[in-house]
Every structure is written in structure tokens, then in C-alpha cells.
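**Student:** For reference, the structure I am asking about is given below.
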Amino acid sequence: MASAFEYAPAPESRSVVDIAPSYGLFIDGEFTEAADGKVFKTVSPSTEEVLSEVARAGTQDVDRAVTAARRAFGTWSALPGSERAKYLFRIARIIQERSRELAVLETLDNGKPIRETRDADLPLVAAHFFYYAGWADKLDHAGYGANPRPLGVAGQVIPWNFPLLMLAWKIAPALATGNTVVLKPAETTPLSALFFADVCRQAGLPKGVVNILTGYGDAGQALVEHPGVDKVAFTGSTAVGKAIARQIAGTGKKATLELGGKGANIVFDDAPVDQAVEGIVTGIFFNQGQVCCAGSRLLVQESVHDEVLHSLKRRLSTLRLGDPLDKNTDIGAINSREQLARITSLVETGEAEGAERWTAPCELPSAGYWFAPTLFTGVTQAHTVARDEIFGPVLSVLTFRTPDEAVAKANNSQYGLSAGIWTEKGSRILAVANKLRAGVVWANTFNKFDPTSPFGGYKESGFGREGGRHGLEAYLDV
Amino acid sequence: MSDGRLSVFKTYKLYVGGKFPRSESGRVYEVTDPKGKWLANAPQSSRKDARDAVVAARKAFGGWAGATAYNRGQILYRVAEMLEGRREQFAREVADAEGLSKSKAAAVVDAAVDRWVWYAGWTDKIAQIAGGANPVAGPYFNLSTPEPTGVVAVLAPQESSFLGLVSVLAPVIATGNTAVVVASADAPLPALSLGEVLATSDLPGGVVNILSGRTAELALPLASHQDVNAIDLTGAAPDAGLAKELETAAADNLKRVLRPQHVDGEDGAGGTDWTADPGTRRLTAFLETKTVWHPTGALGASGSSY
Amino acid sequence: MPTTAPAFADATASDSALRRFLHGLPGVDAVGLEARAAALGTRSIKTTAKAYAIDLAISMIDLTTLEGADTPGKVRALAAKAVNPDPTDRTTPRTAAVCVYPDMAATAVAALAGSGVKVASVATAFPAGRAALDVKLADVRDAVAAGADEIDMVIDRGAFLAGRYLKVYEEILAVKAECGSARLKVIFETGELSTYDNIRRASWLGMLAGADFIKTSTGKVATNATPANTLLMLEAVRDFREQTGVQIGVKPAGGIRTSKDAIKFLVLVNETAGEDWLDNHWFRFGASSLLNDLLMQRQKLSTGRYSGPDYVTVD
């Protein structure tokens, strides 16, 4: 935005975080090299600078980690819940203390703006541990019968879009219920999980209770398939989720899968327009749209289409894209070259299929992976950009005429993770929310998260819920 | 026979979409009691029958899921009432099907009636157990509600042809799902007769669809059907290979899968004790949790003190 | 005679038409509005941007004294400060205006002659506005006659809350007619209107009636200018200009005391109405103690040392 009021650069200091040149796997309380000595590099997506070199876990390392977790399980699950709670409270507090450091780290490794890691990711991470800490000694009262038992060793595979938050969603309930954990972060964002290992060390967590394996999909697959794993928790793509469901078929392994989405954000003609526009922006441009519950389909009532689109484009023109460490940056980098290629390719498909593309006027940095906020108008249910998850800052705009049509279009998807409703009419909110086949419905708001609030999808968006009392079930033998 | 009157046989038919069709394949198979005595010819359903049943179940889903929980409870209770009136018929069919004594079979039927009553009472309570308000840290109203997952394929237990069937079917429909049931392959007659009870209990057509035939032949197309949301593999318990194959097929559209569970009960080694307290597990297995957020905000913008 | 923007001539044709129009405006979700205002409040304004913002904020101040104890001496002191806010640094911009009661307007006019600093006078039985229309208009005439460049009127909140929108509208028209060449700021007393929906309606009512500025508050109630209510009014002037081509100013007043606060408001202006409003012809701060904090921050920027209250003037 060219303005008389140019905001001077306001970068958060990198000096609060000390990234070592190399990291090992965290197994049985120790950092250790991969058995075959393999490593990989992790880069900062906003600059392509190499941040560190990280051990790449293989099958043997998975076996070592699962064995360590199994060994630790007996003692950990036998601890009084009140003791497990205190470990989790310690972890929550240490995360609060180190939140600036972890926010900067996450921004460097992921590419998302510091504004988000500082104001959303890290507070939610700490809150999640704090919430589940309190459950550890109250499981008898959780509605799953008396003395519900843990499952054993949880194999957890998490994505790169909210590395530390997804770790918290996985580890906090697992530990609270008495399970031990082997967690594999995504290969493009391994660092915050390794720093979390250090948080566990500071908290005095017994060795083997949490094990972190950095690596690629092969390590994730080996973990899921390992016979010593009793519980699989995965957040990621629907394709991989289906593969996991097949792998564990016929086994006793319990699974929760948080997969893709193509959330419909429905704007009625009586919506609070200015807030709806903010909600649309939050819905699809939060974390560069790399959010499984993103409101990637805007369903706007025909009678207000032009007005909403005008306001939306005006608002998008004020988004500040650039250095993720700058405190005024709204849109950061795409997480990886591969993801950028996927976004680019789907946008090309959208154009080829005849949807009308509009891209916010902003300059992209020369290094790193960037994609300007983009929207497609004239989209129908038949367009690829209305059906496939793009996982990027790309909004597909469709129209509807009646509430029934809005619901029908919103539900016309293989996914069912999230949806939004914007209207000032209370009964319409409740009627539409009731008919939407989606696990989370945000009415007159979007992309809000809380540890007490269960999260998870219908249909091919996965199964099981994370968060809240519901989130305990996935880690209990009930 | 003593009076010399020739009895009237019953033609057993499927129950699909509220109607009683024969298998579209025209096939039947012989159903015998455990000692091998012929009881009846049952329709041997085909994959097309399974497909038709899914269509009927999907069509019925919106209305059944949208019915009030009170209404569903009334209807499930009505099923119990209708069954109560036909206890003798079912006791005879269960005795034949499972080789039970008259008194044991009567006890099984009584338990099945009571099971309908139990689940009739759950329809308007499960949401209060499984859902509720979440105290989020912000100015938002936040409520989690359980909702039916959709069309559920139910492989009824092979051994317990009636109590087992009712125990797996009632919780599925109590919460608003619709069901395609594959009856016990060797003992399908009580299940097919249950269709007649359901049809006279105000249950909308298509909410429950009952197929008889070879379990594997029907289960595979159901497990891989893209318009089926969940599958209960209880009836695949005797065949671990089949259960695994079905679970693998179910992954294609990420069906919710209830795996077969072996619980040692008084029925004997490895059998499920269908008389035990069912708990809520079978209700919650086919529920989704929907969480709705809405801003609360202040009554006024002023925060004024006057 | 001020005229309603032609696009909305029908809206003010009758009481019922006006009610329909105002109640047909999009609703405001309070949490969403406040969240947006808070998010913009996290902008980090540093170095050159901060220097720009501080000078801009100083130039936008309506330096205000509205006390029963006001005297000509007090007003002259304030005027001197408006013209020369920081005696140690003559590059400091002057404030936009001095804002006083009507009986002090002449004193202010005399003290500010030739300085370029405007004289704003509250009127219309400020702050309650509970007087007969004739009295209110006489109040305005006095101020204009004394040479006030700007009139800050209060609306009849009682009539507004009772739904008598046309009465409020006609009163603004009548005041505007008395203003002559003076610019009219219309004060809503947002704290008394209570809801954001009311604030949006009042904003449009004021703009339709020919307000040159819409202003949040008198500074005399518990809640005055807030980031959220100012954001909402900025949205209103933005939308009004898009639909009519007429640009209207915004003045948050009361409760803005620190440079940090003022800069947050300027961010709201920049990212909502846009840079066309980043000028004291279109945006003002109704404030008094704010000025000294801005001056201390300004000294810190130029010297590198933190300043203290003894290094700015007390008026």
C-alpha cells in the first residue's frame, strides 16, 4: 500500500533464539544421530537460508524410539494422575516463559508471520498443555467410566502448517491420559519439536515419555506400521490419512485422523459486512491459507456479491506481505517450494477452467517462496478450485440465492471439516449450522481455536476429535 | 399337526425402503436350524440389493436425523411395544434359529424388547452426555453437539440372531443414523421378521433396511460404497481376514469403522455377552461432534457506568 | 442551505423513510469490530514512521479546555501552547485547533489571530444538549459571531434513542444553517448511544444532515473515544465517500492520552479510511493531555533520551 504513512521495518529480534548447526533425534531422553547417519537440511522459506541440519530417522530409529516409549510407558502410566498433571503444568509454564523464542523459531522455520506465532500459535500451545494438565488427575470424571486406561505408545505424525500447535494437540492429551509418545514432525518444520524436546528436559520429564523423530514420510509410515504402536494420531492430507487407515486395518491400533478440508464460508445478504470481510480474510489468508479448516470457498448471496467483493478486494489491497519476522507483516512465506508449486499449479488450473483470477497488488520478495493473496470469481461447483484443497492463499468465490442452495453447495464436498455463516438473523444461523455437515461451524467469526473446543471433521476430513473432553477419548481404552 | 391342518408357510422377504422385496437376483438359500432341519428359503441378496438399500437409507437420512430426539424415542419405544405383542412368534423363531430351549429363547426376546426400551430412552439424552458447552477463553458461545454420521452398514452378529441384531441396530438408529443391516447369514429369519415389526412401528421407510444372504458378498460392496459413512464389522468377527479386508475397503472414503470385539461372556468362549449392559459405546461410535462458535460480545459498546 | 447527498435524498423524506434507511444499514458484530481494532492496535510503528505519526498527531489535535473553571487566562495559555507546543523545538507542528466553550471563543480567536490554528467552539448546550432548539441555535450563533472556525455540536441523544431520527436530523440541519462558513462537527456521545449499531446509524444520520466531521464524544461521560467506535466511524466515512463522493472528517475525543494510543488511531485511519484522511482537515483528536505525551516522545526521538514532565509545559 503506497501511503504517506509508510511503516518502517519492525523486525522481531532473531537473537532470542539460538539455532544449533545440527540436531539429532530425541530418543529416550537423549539427542542421538540416526542409525544410518542420514541428515537433511531445514531452510527458512522466506529466504531459503539453511537454518540447521537435522538427523533423518530411519526404520531402526523408529524401532529404538518405540522401544524407549514402551519402556517408559509402565512407569509413566502408573504415576498418579496428579503427578503427570504437574509435569504438564511445568511444560505449559516453560512454554509461556520461552514463548518469544519459540515464536521466532517457528516463524523462521515455517515462514508464517511473527504476528501469528506470537499472538495465536504460542498462546494456544501453552493453553493446550495447561488444559490437558488439569485432566490428568480427573479422568475418572471425564465420562469414560471409572479408571479409564491409556492405550500405550502413541505414534504421532504432524504437519508443517502449525508445527508446535499440532505437537501440543497430539502430545498434551496423550501424556495426560498416561500414554507415551513418539512424534514425527514434518520434514520442512522440524525445529520447534526439537526445541520442545528441550522443554521436556527442563521440565524433568522422565526419559522415553516423549521421543521426537525428525524425518520424512518413510519414517512416518514406519512409525504407523510399527507393531509396538498402540495408537496412531495423524494430521495431514486426506490421501495419507487413507493410506494410514488401510495400514492399520485389522490391527488393534486406534486412530484419529485430522485431514483436509474445503470449508464453505457463507455470507448472507444481512451479514455484518465489515466483520464478514474480516472473517473472509481471516478464513483464507490466516497462515497463508495453509490451514486445513480454511474458509477456502466463499459462498456469497448473489444480491450482495458485488458489494462484498468490492469490500474484500479493497481490504486485500491493504494486506502486508513480506518478511515474516516483521511485526507488521500479515502474509508470510509459503512453507516450501513443493507447496508453492502445488498452489501455482492449482491456480493455473483455475484460470484454464475459466474462473476469473484477481490477485492483490503486492510485490513479492525475490528470494523465498511467496504467493500473493488471490481470489477467483465466477467459480462453480464444477471447477477444480471449488473442489480440491489448495492449501494456499487462494479463495474461490461462488454465489447462491437461497439458504437451501447455500447449504446444498456447502455440503457438496468430500470434505466436512469447517464452515462459516455470516448473518444477523439468529434463527438462520442455527438452522444453517444444523444442516451443515462440518465438524466446526463458525458463525459470525472464523478460525477461532481453543483447547476446550473439540476440533475434527466429518466425511473425508477424518475422524476423532482433538481438544476438549472429547479429545481424551482418542487416548483412552474406551 | 394333531388337528391335521396344513400350516401356512411364511415367505421371508427383505426389508428395503419400507417395502418387502425379494432379492432382485431372484436367488434364495435354504435356512436350517442348527440341527439341519429346513426352516425356510431366505432371499440371497445381491450387491445390487445392497446398493438399493444404501439408496433407501440415504434418502431416509435427512428426515430421520432431522426428527426430534423425542420423536425418535417414541418410535423406538413403539418398536418395543410391537415386539412385545409378538413375543411368542419371535421366541419360536429364535428357538429355531439358535437351537435354544423355549424358555431361553423367550428370555432372549424379552431382553431384545428391553433393549429397544433402553435405546428409546437414550435418543434425547445422548446429546447431553456427549455434547455440551465449552468454556473457551474469549467472548464466544461455543457448543458441541453430537450428530449422526449418516448411513451405517451394520453386519449383525452371526451367533446371536436377534438380541445381537437388536443390540447393534438400535443404537445406530437411536441417534438418527439410517442403517443397512446384513442379517446373520445362517440365522436370518428373526431379522427378516423384525422388518415386519419395524414397518408397523411408525419408523419411516428406509431408516432400517434388512438384507439376508452371504455376509462377505454383501459386506464388500457396502464397505467400499462411497455413500456409506460408517460400518459396524461385528458380523465379520468369525473371519479376521474378511474384517481386515472390509476395514481396508472402508478407508477409501474414510468410513467410521467399529471393529469386531471379542469379549468373553457367559455365552461361551469368545462369544459376546449380548445380555450385558451395553453402555454408550455403540451410540457414540456413529456420532460426529459438531462444534458451533458465535461471538457473544458486550450488550453495549459503551461500557458506561450509568 | 446544506443539502442531503443526492444519492440518499429519499432516505430523509420522512421519519419512517429515515428509520427504514438507518435500520437497513449492515449490522455490526461487536466482537469482530473490537477484534479488528485490537489487531490494528498491534501494528509496530517505529523510527521514521513513528516520527511521522507523532508530528501528524500533534497537527491533528483540537487542544481542548471545557471546564466550568475556564478563564480567559487559561484559554490564552492554551492558545500559546497550540501555536508553540514545544518552546525548545520550533520545528514542532502547531495543533489543528483550540477547542473552547462559546463564551471563550472570542478570547481564543484573539489569541490565535494569524497563527493558522483554528478556533473550535462547542455549542448546542454542550455537553448534555438538553435545551430548546432556539437556545441551541443562539449558542451556535454566539460562537460563530465570536469568530469560531468550527462548531462542535451535540446531537439530541434522547431523541435518537427514542427513535425520533428525523428530529435529530432536522436539528443538525438547523445548526448547520447557522454555521455559515464554519465547519460543523457532530458529536454523537457514543457512550450514551451504547451499541455499535446505533453508532453506525448516528454516523450516517450525521453525514446525511451535512456534518463536516463526525465526532465520538464530549469527553464528559465514562466511555469516550475507543479504537472500536472510531474504526466504525471511519468505515462510515469511507463508505459515504464511495457512495456520494463527499468526504467527511472524523474526530475521536476524550480518553486518548498517550502517543501510543494516538498512533493506534492513526493506523486505524491509514488502514480503514486510507491516506486521504491522514490530514488535519479530515482527522482530529479531541484531547488535552495527549499533547504533552506526544511532545515527550518527540523529544525522545530527536535526542535519544527519555524526556520527563518538567521538559514540557503545563497549561
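Lettering and numbering for the C-alpha cells are positional, with chains as A, B, ... in the shown order, residues counted from 1 in each chain, and ligands counted from 1 in the shown order.
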Identify, on the basis of only C-alpha atoms, every residue whose closest approach to Val250 in chain C does not exceed 7 Å; exclude the query and any residue fewer than 6 positions from it along the same chain; express the result as a list in words.
**Tutor:**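 Here the answer would be Phe213, Ile214, Lys215, Leu234, Trp282, Phe283 and Arg284 of chain C.
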**Student:** Report as a ChimeraX atom specification all protein, DNA and RNA residues lying within 12 Å of Asp134 in chain C, evaluated on only C-alpha atoms, omitting residues in the same chain fewer than 3 positions from it.
**Tutor:** /C:124-125,129-131,137-141,171,174-175,178
**Student:** Near chain C, meaning an atom within 10 Å, which residues of chain A appear when counting only C-alpha atoms? Write them as an NGL selection string.
**Tutor:** :A and (1-11 or 115 or 119 or 269-276 or 278-279 or 311 or 314-315 or 317-319 or 326-329 or 423-424 or 444-446)
**Student:** Based on the selection just made, write C-alpha atoms of those residues as a tab-separated table (two decimals), in the first residue's frame.
**Tutor:**
```tsv
chain	number	residue	atom	x	y	z
A	1	MET	CA	0.00	0.00	0.00
A	2	ALA	CA	1.58	3.26	-1.08
A	3	SER	CA	0.82	5.73	1.63
A	4	ALA	CA	2.21	8.81	3.29
A	5	PHE	CA	2.24	6.68	6.40
A	6	GLU	CA	4.88	4.09	5.49
A	7	TYR	CA	5.52	1.71	8.35
A	8	ALA	CA	9.25	1.45	8.93
A	9	PRO	CA	10.60	-2.11	9.21
A	10	ALA	CA	9.84	-3.52	12.66
A	11	PRO	CA	11.57	-6.88	12.73
A	115	ARG	CA	2.21	-11.71	14.47
A	119	ASP	CA	-0.50	-13.96	19.08
A	269	ASP	CA	-27.29	-10.54	2.45
A	270	ASP	CA	-27.95	-9.42	6.01
A	271	ALA	CA	-24.42	-10.12	7.22
A	272	PRO	CA	-22.45	-7.59	9.25
A	273	VAL	CA	-20.47	-6.77	6.13
A	274	ASP	CA	-17.32	-5.26	7.58
A	275	GLN	CA	-16.88	-8.09	10.04
A	276	ALA	CA	-17.74	-10.63	7.34
A	278	GLU	CA	-12.56	-9.59	8.09
A	279	GLY	CA	-13.83	-13.12	8.59
A	311	SER	CA	-15.01	-4.55	0.03
A	314	ARG	CA	-10.19	-3.21	-1.06
A	315	ARG	CA	-9.30	-4.99	2.16
A	317	SER	CA	-5.09	-4.48	-1.02
A	318	THR	CA	-4.10	-3.45	2.49
A	319	LEU	CA	-2.54	-6.81	3.41
A	326	ASP	CA	8.42	-8.05	10.70
A	327	LYS	CA	5.75	-7.39	13.30
A	328	ASN	CA	3.59	-5.66	10.71
A	329	THR	CA	3.56	-8.50	8.22
A	423	THR	CA	-25.92	-13.29	9.05
A	424	GLU	CA	-27.51	-11.11	11.68
A	444	ASN	CA	-20.09	-14.51	12.54
A	445	THR	CA	-16.48	-15.39	13.22
A	446	PHE	CA	-13.87	-17.71	11.69
```
**Student:** Please identify every residue of chain C that has at least one atom no more than 6 Å from any atom of chain B, counting only C-alpha atoms, and report them as a list in words.
**Tutor:**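 Residues passing the distance filter: Ala30, Val31, Gly191, Ser194, Thr195, Tyr196, Ala222 and Thr223 of chain C.
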**Student:** Give me, as a list in words, the residues of chain A touching chain B, with the criterion being at most 7 Å (counting only C-alpha atoms).
**Tutor:**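 Matching residues, ligands excluded from the count: Lys242, Ala245, Arg246, Ala249, Gly250, Ala438, Gly439, Val440, Val441, Trp442, Ala443, Asn444, Thr445, Asp450, Thr452, Ser453, Pro454, Tyr458, Lys459, Glu460 and Gly462 of chain A.
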**Student:** Extract, using only C-alpha atoms, all DNA, RNA and protein residues at most 8 Å from range 74-89 of chain C, discarding same-chain residues fewer than 3 positions from it, and format them as a PyMOL selection string.
**Tutor:** chain C and resi 63+65+70-71+92-98+100+104+107-108+111-112+115+117+291+295+312-313+315
**Student:** From a DSSP pass on the backbone, collect the residues of range 59-298 of chain B flagged as strand (DSSP E or B) and hand them back as an MDAnalysis selection string.
**Tutor:** chainID B and resid 132:133 140:148 151:155 178:182 208:211 230:232 256:258 265 268 287:295
**Student:** Would you write out those residues with C-alpha atoms, as an mmCIF file, in the first residue's frame?
**Tutor:**
```cif
data_model
loop_
_atom_site.group_PDB
_atom_site.id
_atom_site.type_symbol
_atom_site.label_atom_id
_atom_site.label_comp_id
_atom_site.auth_asym_id
_atom_site.auth_seq_id
_atom_site.Cartn_x
_atom_site.Cartn_y
_atom_site.Cartn_z
ATOM 1 C CA GLY B 132 -22.195 -29.516 25.878
ATOM 2 C CA ALA B 133 -20.898 -26.017 26.263
ATOM 3 C CA TYR B 140 -17.683 -16.664 22.261
ATOM 4 C CA PHE B 141 -20.569 -19.004 22.827
ATOM 5 C CA ASN B 142 -19.275 -22.469 21.988
ATOM 6 C CA LEU B 143 -21.376 -25.596 21.888
ATOM 7 C CA SER B 144 -20.555 -29.145 20.879
ATOM 8 C CA THR B 145 -23.405 -31.326 19.708
ATOM 9 C CA PRO B 146 -23.299 -34.949 18.621
ATOM 10 C CA GLU B 147 -24.853 -35.651 15.243
ATOM 11 C CA PRO B 148 -25.467 -38.876 13.359
ATOM 12 C CA VAL B 151 -25.701 -44.183 6.521
ATOM 13 C CA VAL B 152 -24.275 -47.031 8.573
ATOM 14 C CA ALA B 153 -23.719 -50.530 7.242
ATOM 15 C CA VAL B 154 -24.285 -52.985 10.061
ATOM 16 C CA LEU B 155 -23.017 -56.539 9.881
ATOM 17 C CA THR B 178 -30.009 -44.864 8.975
ATOM 18 C CA ALA B 179 -28.915 -48.461 8.611
ATOM 19 C CA VAL B 180 -28.321 -51.165 6.087
ATOM 20 C CA VAL B 181 -28.248 -54.375 8.087
ATOM 21 C CA VAL B 182 -26.780 -57.619 6.897
ATOM 22 C CA VAL B 208 -33.652 -49.579 8.581
ATOM 23 C CA ASN B 209 -33.020 -51.857 5.648
ATOM 24 C CA ILE B 210 -32.504 -55.556 6.250
ATOM 25 C CA LEU B 211 -30.712 -57.883 3.889
ATOM 26 C CA ALA B 230 -19.698 -45.997 8.611
ATOM 27 C CA ILE B 231 -19.575 -49.731 9.039
ATOM 28 C CA ASP B 232 -20.039 -51.977 12.028
ATOM 29 C CA ARG B 256 -16.020 -44.791 10.626
ATOM 30 C CA VAL B 257 -15.283 -48.425 11.441
ATOM 31 C CA LEU B 258 -16.439 -50.269 14.515
ATOM 32 C CA GLY B 265 -19.074 -63.766 28.224
ATOM 33 C CA GLY B 268 -19.105 -69.303 25.965
ATOM 34 C CA LEU B 287 -21.738 -39.886 16.094
ATOM 35 C CA GLU B 288 -19.910 -36.865 14.809
ATOM 36 C CA THR B 289 -19.237 -33.928 17.068
ATOM 37 C CA LYS B 290 -20.167 -30.579 15.618
ATOM 38 C CA THR B 291 -18.898 -27.520 17.430
ATOM 39 C CA VAL B 292 -20.533 -24.173 16.748
ATOM 40 C CA TRP B 293 -18.982 -20.846 17.711
ATOM 41 C CA HIS B 294 -20.675 -17.491 17.926
ATOM 42 C CA PRO B 295 -19.463 -14.190 19.321
#
```
**Student:** Might you pull out every residue within 8 Å of range 290-300 of chain A, with only C-alpha atoms counted and same-chain residues fewer than 3 positions away left off, and present them as JSON, numbers by chain?
**Tutor:** {"A": [161, 259, 260, 261, 262, 263, 264, 265, 266, 267, 268, 269, 280, 283, 284, 286, 287, 304, 305, 308, 386, 389, 391, 392, 393, 394, 395, 396, 397, 398, 399, 400, 406, 410, 417, 418, 419, 420, 446, 447]}
**Student:** Output C-alpha atoms of each residue in that selection to a file, as an mmCIF file, in the first residue's frame.
**Tutor:**
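Dumped everything to out_3.cif:
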```
data_model
loop_
_atom_site.group_PDB
_atom_site.id
_atom_site.type_symbol
_atom_site.label_atom_id
_atom_site.label_comp_id
_atom_site.auth_asym_id
_atom_site.auth_seq_id
_atom_site.Cartn_x
_atom_site.Cartn_y
_atom_site.Cartn_z
ATOM 1 C CA ASN A 161 1.378 -25.655 8.963
ATOM 2 C CA LEU A 259 -7.265 -34.373 7.271
ATOM 3 C CA GLY A 260 -8.134 -31.975 4.511
ATOM 4 C CA GLY A 261 -10.964 -29.554 4.063
ATOM 5 C CA LYS A 262 -12.651 -27.211 1.639
ATOM 6 C CA GLY A 263 -14.556 -25.057 4.090
ATOM 7 C CA ALA A 264 -17.505 -23.018 2.884
ATOM 8 C CA ASN A 265 -17.790 -19.516 4.295
ATOM 9 C CA ILE A 266 -21.398 -18.493 3.691
ATOM 10 C CA VAL A 267 -22.238 -14.788 3.572
ATOM 11 C CA PHE A 268 -25.923 -13.865 3.618
ATOM 12 C CA ASP A 269 -27.287 -10.539 2.448
ATOM 13 C CA ILE A 280 -13.288 -13.981 4.945
ATOM 14 C CA GLY A 283 -10.693 -17.550 6.914
ATOM 15 C CA ILE A 284 -8.458 -17.927 3.902
ATOM 16 C CA PHE A 286 -4.544 -16.738 8.027
ATOM 17 C CA ASN A 287 -1.275 -18.661 7.789
ATOM 18 C CA VAL A 304 -24.614 -8.739 -2.181
ATOM 19 C CA HIS A 305 -21.931 -10.360 -4.323
ATOM 20 C CA VAL A 308 -18.845 -7.933 -0.737
ATOM 21 C CA ALA A 386 -14.045 -25.253 -5.780
ATOM 22 C CA GLU A 389 -7.950 -28.324 -1.315
ATOM 23 C CA PHE A 391 -3.799 -25.155 0.943
ATOM 24 C CA GLY A 392 -2.682 -21.695 -0.017
ATOM 25 C CA PRO A 393 -3.857 -18.072 -0.085
ATOM 26 C CA VAL A 394 -6.433 -18.663 -2.793
ATOM 27 C CA LEU A 395 -10.144 -18.042 -2.331
ATOM 28 C CA SER A 396 -12.812 -19.400 -4.651
ATOM 29 C CA VAL A 397 -15.940 -17.257 -4.797
ATOM 30 C CA LEU A 398 -19.292 -18.867 -5.571
ATOM 31 C CA THR A 399 -22.797 -17.479 -5.290
ATOM 32 C CA PHE A 400 -26.117 -18.746 -4.038
ATOM 33 C CA ALA A 406 -26.136 -22.364 0.254
ATOM 34 C CA ALA A 410 -21.561 -26.081 1.210
ATOM 35 C CA LEU A 417 -14.165 -30.012 8.407
ATOM 36 C CA SER A 418 -15.254 -26.406 8.781
ATOM 37 C CA ALA A 419 -17.819 -23.879 7.658
ATOM 38 C CA GLY A 420 -18.730 -20.268 8.297
ATOM 39 C CA PHE A 446 -13.874 -17.706 11.693
ATOM 40 C CA ASN A 447 -10.722 -19.631 12.504
#
```
**Student:** Could you name the residues that touch Glu356 in chain A at 12 Å or less, counting only C-alpha atoms, but leaving out those on the same chain fewer than 6 positions away, as a PyMOL selection string?
**Tutor:** chain A and resi 347-350+374-380+383+385+395-398
